[in-house]
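Q: Dropping a structure here in structure tokens format, bear with me for questions.
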Amino acid sequence: MTTEQTSGGITRRDFVAISSAAGMAAFIAPSVLGAQDTGSSLKPLKVALIGCGGRGSGAANQALKADKGVILWAVADVFPDRMDSCLKQFEKHPSKERVQVPAERRFAGFDGYKQAIASGVDVVLLCSAPHFRPMHLAEAVAAGKHIFCEKPMFVDAPGYRSVVESAKAAKAKNINLMSGFCWRRSAPEAATFAQLEKGTLGTPMAMYGCYYTGPLGTNKRQPGWSDMEFQVRNWQHFTWLSGDQMVEQAVHSVDKINWCFRNEPPKSAVGMGGRQLREAMPERGDVYDHFAIVYEWADGRRAFLNCRQEPDCYFENTDWIAGTKGQCFINGWGPTHVMKDPAGNVLWEYPADGPKSDMYQNEHDELFKAIRDGKVINDGEWMVVSNMMAVLGRMAAYSGQQVTWEQAITSTESLSPKQYIMGPLEMPLEKKPGQYKVL
Ligand SMILES: NC(=O)c1ccc[n+]([C@@H]2O[C@H](COP(=O)([O-])OP(=O)(O)OC[C@H]3O[C@@H](n4cnc5c(N)ncnc54)[C@H](O)[C@@H]3O)[C@@H](O)[C@H]2O)c1
């Protein structure tokens with residue numbers, strides 16, 4: 001798999017595709033593109049982007065592509081340079097006339113999100129480091145905005161409880177809440193899980209998911225950076241900011257487990273993990289580099305999740321399901337989606353020439369279509385279960401204990417620092433199983 005495939009950012013291929021599509025549109029419909037705000041007769045939908053990194057830039061691009069009435073209206077990021085580099089990417093964008101973010105609508109700092117949400121927008125794209133998502137989501141829901149909410153939505157149990165409340169409030173207010181669990185919007189995966197739902201594999205009894213990949217990059221400490229700035233600029237490597245690899249990255253595999261078991265939380269989890277190959281450098285924070293988790297449901301069904309971010313090792317990101325009528329293998333990147341009976345006969349297979357749409361684009365196409373049609377998508381109920389299952393797995397590995405779902409969701413362990421200021425901040429320590437208490 002390539003970085004292009006995994007990040008959902010603005011890819012070269014993407015850019016060429018939109019360039020030519022926009023070029024065609026300009027050629028055949030100049031009068032429509034001439035309209036004042038959006039180049040479209042559609043009512044403008046103003047969008048605020050919060051978190052202007054790779055994924056945020058990608059999400060803004062996908063929003064612009066999804067609906068010709070979209071205007072990128074405001075941005076927020078703790079760091080001004082991140083907003084500048086994000087907006088620079090749009091200077092030659094085919095829809096650059098719909099990127100209308102003057103200096104007064106670029107909001108820096110930890111509170112910038114509040115101003116971006118209050119800047120008169122209809123939709124917000126929540127794409128910052130995960131730690132801040134619960135507060136960003138709560139603010140967006142309180143302000144009645146439609147929301148695209150990247151995964152993970154929270155990193156600890158207080159965050160879970162906050163997001164559960166926000167998702168309920170969004171539902172009560174008829175606000176769209178689209179999650180960034182992109183595999184749910186991938187056509188081959190959707191077809192596979194629809195077959196599971198139909199019973200083609202019988203009852204799913206066990207599932208194995210894996211996310212074996214390499215280490216993520218780091219940002220070397222620069223003179224003048226406070227401890228807080230250093231950690232936020234290296235957010236993937238700090239558990240309080242990212243939730244650790246289990247919650248930040250392998251949560252995609254956990255989400256497929258949750259999908260398979262129909263969004264029913266497991267009873268408990270046990271697991272292990274560690275920092276076998278993380279270099280001893282501050283940029284590598286406190287996150288583990290491997291996890292192996294076993295989830296168990298009340299009736300004895302089990303799911304297994306292995307993930308690793310280690311250099312020079314085997315890469316794989318696939319899923320396997322054992323049902324009472326056979327087995328299913330899913331390689332989203334393959335693509336291979338096949339169900340076989342115990343004798344090896346194919347029960348069902350996603351056709352080689354079946355639709356292979358861009359799941360990241362699908363999320364935005366669906367979101368903006370729902371807004372236009374006055375419909376409401378709310379991923380809240382299941383996205384909190386997927387995310388919390390990943391937190392549960394991390395709790396089990398860090399503590400070295402069996403942790404129940406009930407213990408996990410009622411846990412008072414908060415990963416938040418005392419205050420959000422660019423100043424001194426302790427370096428977190430590695431968590432030692434058997435010694436670290438999560439409950
Ligand atoms: N669905 C997917 O496949 C997918 C792929 C990549 C990333 N993601 C998710 O998207 C999110 C962002 O990841 P990324 O790859 O863009 O990271 P990134 O580091 O490129 O960007 C994150 C941005 O958020 C900013 N930020 C941090 N704290 C903030 C705060 N309090 N307020 C405003 N901005 C803040 C950072 O300065 C940075 O510019 C993460 O949650 C990540 O897990 C999802």
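Labels used: A, B, ... for chains in the order of the structure tokens, numbers from 1 for residues in each chain, and numbers from 1 for ligands as shown.
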Tell me, as number ranges by chain, which residues lie within 8 Å of stretch 45-62 of chain A, counting only C-alpha atoms; anything in the same chain fewer than 3 positions away does not count.

A: A: 7-10, 65-66, 69-78, 82-83, 86, 113, 116-117, 120-129, 360-361, 364

Q: For A:Tyr208, find every residue with an atom within 12 Å (counting only C-alpha atoms), except residues of its own chain fewer than 5 positions away, and show them as a PyMOL selection string.

A: chain A and resi 253-258+260+292-295+301-307+317-323+327-330

Q: What would the file look like if the residues just selected were written as a short mmCIF file (atom, residue, chain, number, x, y, z; two decimals), in the first residue's frame with C-alpha atoms?

A:
data_model
loop_
_atom_site.label_atom_id
_atom_site.label_comp_id
_atom_site.auth_asym_id
_atom_site.auth_seq_id
_atom_site.Cartn_x
_atom_site.Cartn_y
_atom_site.Cartn_z
CA SER A 253 -9.08 -2.69 11.59
CA VAL A 254 -10.91 -2.55 14.92
CA ASP A 255 -13.75 -0.76 13.14
CA LYS A 256 -14.07 -3.68 10.71
CA ILE A 257 -14.22 -6.08 13.66
CA ASN A 258 -16.98 -3.96 15.16
CA CYS A 260 -18.51 -7.74 11.57
CA ALA A 292 -1.68 -8.04 20.08
CA ILE A 293 -5.21 -7.91 21.48
CA VAL A 294 -7.89 -10.56 22.00
CA TYR A 295 -11.48 -9.34 22.30
CA ARG A 301 -16.95 -15.25 20.07
CA ARG A 302 -13.51 -13.75 19.74
CA ALA A 303 -11.60 -11.27 17.64
CA PHE A 304 -7.86 -10.84 17.33
CA LEU A 305 -6.05 -7.66 16.42
CA ASN A 306 -2.34 -7.42 15.71
CA CYS A 307 -0.60 -4.20 14.77
CA ASN A 317 -3.32 -4.75 6.34
CA THR A 318 -6.01 -7.38 5.83
CA ASP A 319 -8.89 -9.05 7.67
CA TRP A 320 -10.06 -12.65 8.04
CA ILE A 321 -13.41 -13.85 9.34
CA ALA A 322 -14.42 -17.38 10.36
CA GLY A 323 -18.14 -18.05 10.11
CA GLN A 327 -14.21 -18.15 5.90
CA CYS A 328 -13.81 -14.68 4.44
CA PHE A 329 -10.63 -12.91 3.43
CA ILE A 330 -10.57 -9.14 2.91
#

Q: Would you mind telling me which residue in A:Trp259, A:Tyr436, A:Phe90, A:Trp183 lies nearest to ligand 1 when using only C-alpha atoms and all ligand atoms?

A: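 Using only C-alpha atoms and all ligand atoms, ligand 1 sits closest to A:Trp183.
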
Q: Could you go through stretch 170-322 of chain A and tell me which residues DSSP, when run on the backbone, assigns to helix (DSSP H, G or I), listing them as an NGL selection string?

A: :A and (170-172 or 182-185 or 187-198 or 227-233 or 235-237 or 239-242 or 245-248 or 251-260 or 282-284)

Q: Which residues, written as a PyMOL selection string, have at least one atom at most 9 Å from A:Glu283, with only C-alpha atoms counted and residues fewer than 4 positions away on the same chain left out?

A: chain A and resi 218-221+230-231+234+237-238+279

Q: Give me, as an MDAnalysis selection string, the residues of stretch 127-361 of chain A that a backbone DSSP run labels strand (DSSP E or B).

A: chainID A and resid 146:149 177:179 204:213 268:274 290:296 302:309 316 319:323 326:331 336:340 346:349

Q: If I take atom CA of A:Asp81 and atom 29 (C, counted along the ligand's line) of ligand 1, how far is one from the other in Å, to one decimal?

A: 12.5 Å

Q: Of the candidates A:Met422, A:Ala108, A:Val163, A:Ala138, which one gets nearest to ligand 1 if we count only C-alpha atoms and all ligand atoms?

A: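 Closest residue, counting only C-alpha atoms and all ligand atoms: A:Ala108.
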
Q: Can you tell me which residues surround A:Glu197 at a distance of at most 9 Å, considering only C-alpha atoms, apart from same-chain residues fewer than 5 positions away, and format the answer as a compact mmCIF listing (two decimals) with N, CA and C atoms, in the first residue's frame?

A:
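After the write, out.txt holds the following:
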# COMPACT_ATOMS: atom_id res chain seq x y z
N THR A 192 -19.05 -6.69 0.95
CA THR A 192 -18.64 -7.86 1.75
C THR A 192 -19.45 -7.93 3.05
N GLY A 202 -22.79 -17.73 7.25
CA GLY A 202 -23.39 -18.20 8.50
C GLY A 202 -23.21 -17.14 9.57
N THR A 203 -22.94 -17.58 10.79
CA THR A 203 -22.71 -16.62 11.88
C THR A 203 -21.21 -16.38 12.04
N CYS A 260 -18.22 -6.29 11.69
CA CYS A 260 -18.51 -7.74 11.57
C CYS A 260 -19.44 -8.21 12.70
N ARG A 262 -21.57 -6.56 14.25
CA ARG A 262 -22.79 -5.73 14.25
C ARG A 262 -22.80 -4.66 15.34

Q: Which of these residues is nearest to ligand 1, using only C-alpha atoms and all ligand atoms: A:Val338, A:Met359, A:Pro215, A:Ser95?

A: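 Looking at the shortest contact to ligand 1, the residue is A:Met359.
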
Q: Any idea what's packed within 12 Å of A:Leu241, counting only C-alpha atoms, ignoring anything in its chain fewer than 5 positions away? Could you give it as a PyMOL selection string?

A: chain A and resi 128-134+152-156+159+228-236+247-248+285-287+414-417+420+428

Q: Of the residues A:Asp353, A:Asp67, A:Glu363, A:Glu316, which is the one nearest to ligand 1, using only C-alpha atoms and all ligand atoms?

A: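 Of A:Asp353, A:Asp67, A:Glu363, A:Glu316, the one nearest ligand 1 is A:Glu363, counting only C-alpha atoms and all ligand atoms.
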
Q: In terms of the shortest atom-to-atom distance over only C-alpha atoms, which of A:Trp297, A:Ser399, A:Lys437, A:Val164 is closest to A:Met207?

A: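 The closest residue to A:Met207 is A:Trp297.
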
Q: Determine the nearest neighbour of ligand 1 from the options A:Trp405, A:Phe148, A:Phe261, A:Tyr350, counting only C-alpha atoms and all ligand atoms.

A: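 For ligand 1, the nearest of the candidates is A:Phe148.
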